[in-house]
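Have a look at the structure below before the remarks.
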Amino acid sequence: MSGDADRGPGAVDPEAAQRLRALFSSTTPRVYRRPRLLLALLALVPVLFVVSQPLPWHHDIVPGDGYHVVYGSTRSYWFLIIGVIVLGAFARIAMRPVTVPVVVALIVIAGVTMIGVYADWANSYSQAGSLHMDPYNGPGFFLAVGALAALVIAAGVAWYDRATSSSF
């Protein structure tokens, strides 16, 4: 009589216990699964920012002289700096798992960019409104808004990826 009969009720099979212990206390590192959606969004943001720069953004209304077309490269060049920072985040996430500081950095970058886009929009509308004219938002501005949307979604995906990752 060997096996379960030798042990009393509630006894644990030592071999099964050893297999469970090996399963839950594995010291082998996990393979890093790159978040493809996050990387795609982070690659899209700088591309949209760069493409938006040579396009018209707004009309600068000059009293008595009509308007001048404002391009992104003349007034909103700071988007290129945001694009470089986002490329740094892309490189970091491509090499290593998403960490809390990276998530916080993406949220802060998205927030600062949102404030900048809103300020640009509000400036255009207030300038046109003060002269009783219709404001103009060109394709470059809307590409930058699209890049901002991709950046906000990327921050959310990074947060989700960090929250669901099993390595804390």
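In the structure tokens, chains take letters A, B, ... by order of appearance, with residues numbered from 1 within each chain and ligands from 1 in the order shown.
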> Quick one: DSSP helix (DSSP H, G or I) residues in region 86-163 of chain A, as number ranges by chain?
Replying inline: A: 86-95, 100-130, 139-163
Report as a tab-separated table (two decimals) with C-alpha atoms, in the first residue's frame: the residues of chain A with a DSSP assignment of strand (DSSP E or B), based on the backbone of this structure.
```
chain	number	residue	atom	x	y	z
A	56	PRO	CA	-1.10	76.19	-43.10
A	57	TRP	CA	-2.31	76.37	-39.52
A	58	HIS	CA	-4.11	79.69	-39.10
A	59	HIS	CA	-4.60	83.09	-40.61
A	60	ASP	CA	-2.94	85.94	-38.78
A	61	ILE	CA	-5.41	88.75	-39.26
A	62	VAL	CA	-3.78	92.11	-39.90
A	66	GLY	CA	-6.29	91.23	-44.62
A	67	TYR	CA	-4.43	88.22	-43.29
A	68	HIS	CA	-1.19	86.32	-43.47
A	69	VAL	CA	-1.05	82.54	-43.54
A	70	VAL	CA	0.63	81.10	-40.46
A	71	TYR	CA	2.47	77.83	-40.93
A	137	ASN	CA	-7.90	76.47	-38.80
```
> Residues at most 12 Å from region 111-121 of chain A, counting only C-alpha atoms, excluding those fewer than 4 positions away in the same chain, as a PyMOL selection string?
Replying inline: chain A and resi 45+49+57-60+70+72+75-83+85-86+104-107+125-128+135-138+140-153+155
Same residues, N, CA and C atoms, saved as a short mmCIF file (atom, residue, chain, number, x, y, z; two decimals), in the first residue's frame:
```cif
data_model
loop_
_atom_site.label_atom_id
_atom_site.label_comp_id
_atom_site.auth_asym_id
_atom_site.auth_seq_id
_atom_site.Cartn_x
_atom_site.Cartn_y
_atom_site.Cartn_z
N VAL A 45 2.82 59.69 -33.80
CA VAL A 45 2.77 61.06 -33.26
C VAL A 45 3.85 61.97 -33.88
N PHE A 49 3.30 65.25 -36.42
CA PHE A 49 3.81 66.57 -36.05
C PHE A 49 4.72 67.13 -37.14
N TRP A 57 -1.65 76.62 -40.80
CA TRP A 57 -2.31 76.37 -39.52
C TRP A 57 -3.44 77.37 -39.29
N HIS A 58 -3.13 78.64 -39.39
CA HIS A 58 -4.11 79.69 -39.10
C HIS A 58 -3.89 80.86 -40.05
N HIS A 59 -4.79 81.80 -39.96
CA HIS A 59 -4.60 83.09 -40.61
C HIS A 59 -4.32 84.11 -39.53
N ASP A 60 -3.23 84.81 -39.66
CA ASP A 60 -2.94 85.94 -38.78
C ASP A 60 -3.64 87.15 -39.40
N VAL A 70 -0.33 81.53 -41.48
CA VAL A 70 0.63 81.10 -40.46
C VAL A 70 0.86 79.61 -40.63
N GLY A 72 2.90 76.01 -39.41
CA GLY A 72 3.33 75.42 -38.15
C GLY A 72 4.78 75.70 -37.83
N ARG A 75 5.16 79.27 -36.05
CA ARG A 75 4.61 79.55 -34.73
C ARG A 75 4.59 78.33 -33.81
N SER A 76 4.40 77.15 -34.34
CA SER A 76 4.21 75.96 -33.51
C SER A 76 5.35 74.96 -33.67
N TYR A 77 6.56 75.46 -33.76
CA TYR A 77 7.73 74.59 -33.91
C TYR A 77 7.99 73.75 -32.67
N TRP A 78 7.41 74.14 -31.53
CA TRP A 78 7.63 73.39 -30.30
C TRP A 78 7.05 71.99 -30.39
N PHE A 79 6.16 71.74 -31.37
CA PHE A 79 5.64 70.39 -31.57
C PHE A 79 6.76 69.44 -31.99
N LEU A 80 7.78 69.97 -32.65
CA LEU A 80 8.92 69.13 -33.03
C LEU A 80 9.67 68.64 -31.80
N ILE A 81 9.75 69.48 -30.79
CA ILE A 81 10.39 69.08 -29.52
C ILE A 81 9.59 67.97 -28.86
N ILE A 82 8.26 68.12 -28.86
CA ILE A 82 7.39 67.07 -28.31
C ILE A 82 7.59 65.78 -29.11
N GLY A 83 7.72 65.90 -30.44
CA GLY A 83 7.94 64.72 -31.28
C GLY A 83 9.23 64.00 -30.93
N ILE A 85 10.73 64.03 -27.99
CA ILE A 85 10.52 63.40 -26.68
C ILE A 85 9.72 62.11 -26.83
N VAL A 86 8.70 62.15 -27.68
CA VAL A 86 7.89 60.95 -27.92
C VAL A 86 8.73 59.86 -28.59
N VAL A 104 3.77 57.95 -16.50
CA VAL A 104 3.59 59.32 -15.98
C VAL A 104 4.14 60.34 -16.98
N ALA A 105 5.30 60.04 -17.57
CA ALA A 105 5.88 60.96 -18.55
C ALA A 105 4.96 61.12 -19.76
N LEU A 106 4.40 60.02 -20.25
CA LEU A 106 3.48 60.11 -21.39
C LEU A 106 2.23 60.91 -21.05
N ILE A 107 1.73 60.74 -19.84
CA ILE A 107 0.53 61.50 -19.43
C ILE A 107 0.87 62.99 -19.33
N TYR A 125 -8.92 81.92 -32.35
CA TYR A 125 -10.32 82.34 -32.24
C TYR A 125 -10.46 83.71 -31.59
N SER A 126 -9.64 84.00 -30.60
CA SER A 126 -9.76 85.30 -29.94
C SER A 126 -9.29 86.43 -30.86
N GLN A 127 -8.25 86.18 -31.63
CA GLN A 127 -7.76 87.19 -32.55
C GLN A 127 -8.80 87.47 -33.63
N ALA A 128 -9.39 86.42 -34.19
CA ALA A 128 -10.41 86.61 -35.22
C ALA A 128 -11.67 87.23 -34.63
N PRO A 135 -12.58 82.77 -37.79
CA PRO A 135 -11.24 82.18 -37.61
C PRO A 135 -11.01 81.09 -38.66
N TYR A 136 -9.76 80.81 -38.92
CA TYR A 136 -9.40 79.77 -39.87
C TYR A 136 -8.44 78.81 -39.20
N ASN A 137 -8.79 77.53 -39.25
CA ASN A 137 -7.90 76.47 -38.80
C ASN A 137 -7.58 75.60 -40.01
N GLY A 138 -6.32 75.54 -40.35
CA GLY A 138 -5.92 74.83 -41.55
C GLY A 138 -5.61 73.36 -41.32
N GLY A 140 -2.80 71.76 -41.25
CA GLY A 140 -1.69 71.50 -40.33
C GLY A 140 -2.15 71.45 -38.89
N PHE A 141 -3.06 72.37 -38.55
CA PHE A 141 -3.59 72.38 -37.19
C PHE A 141 -4.34 71.08 -36.90
N PHE A 142 -5.13 70.62 -37.86
CA PHE A 142 -5.91 69.40 -37.63
C PHE A 142 -5.04 68.15 -37.61
N LEU A 143 -3.93 68.15 -38.34
CA LEU A 143 -2.98 67.05 -38.22
C LEU A 143 -2.35 67.02 -36.82
N ALA A 144 -2.07 68.21 -36.29
CA ALA A 144 -1.53 68.28 -34.93
C ALA A 144 -2.56 67.81 -33.91
N VAL A 145 -3.83 68.12 -34.14
CA VAL A 145 -4.89 67.62 -33.25
C VAL A 145 -4.96 66.09 -33.34
N GLY A 146 -4.80 65.54 -34.56
CA GLY A 146 -4.77 64.09 -34.72
C GLY A 146 -3.60 63.46 -33.99
N ALA A 147 -2.44 64.12 -34.05
CA ALA A 147 -1.26 63.63 -33.33
C ALA A 147 -1.50 63.69 -31.83
N LEU A 148 -2.18 64.74 -31.37
CA LEU A 148 -2.51 64.84 -29.96
C LEU A 148 -3.45 63.70 -29.55
N ALA A 149 -4.44 63.40 -30.38
CA ALA A 149 -5.35 62.30 -30.08
C ALA A 149 -4.58 60.97 -29.99
N ALA A 150 -3.64 60.75 -30.91
CA ALA A 150 -2.83 59.53 -30.87
C ALA A 150 -1.98 59.49 -29.61
N LEU A 151 -1.48 60.65 -29.18
CA LEU A 151 -0.66 60.71 -27.97
C LEU A 151 -1.49 60.42 -26.72
N VAL A 152 -2.69 60.95 -26.66
CA VAL A 152 -3.57 60.69 -25.51
C VAL A 152 -3.94 59.20 -25.47
N ILE A 153 -4.26 58.63 -26.61
CA ILE A 153 -4.59 57.20 -26.66
C ILE A 153 -3.36 56.37 -26.28
N ALA A 155 -0.99 57.23 -24.23
CA ALA A 155 -0.84 57.32 -22.77
C ALA A 155 -1.82 56.37 -22.08
#
```
>> One decimal, in Å: what's the spacing between CA of Ala154 (chain A) and CA of Leu42 (chain A)?
In response: 6.6 Å
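Our summary of the geometry notes that CA of Arg162 (chain A) is positioned 15.0 Å from CA of Phe90 (chain A).
The smallest atom-to-atom distance between Asp161 (chain A) and any of A:Ile109, A:Pro54, A:Ser73, A:Val103, using only C-alpha atoms, is found for A:Val103.
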>> Restricting the calculation to only C-alpha atoms: of A:Gln18, A:Val12, A:Tyr160, A:Val47, which residue gets closest to Pro35 (chain A)?
In response: A:Tyr160
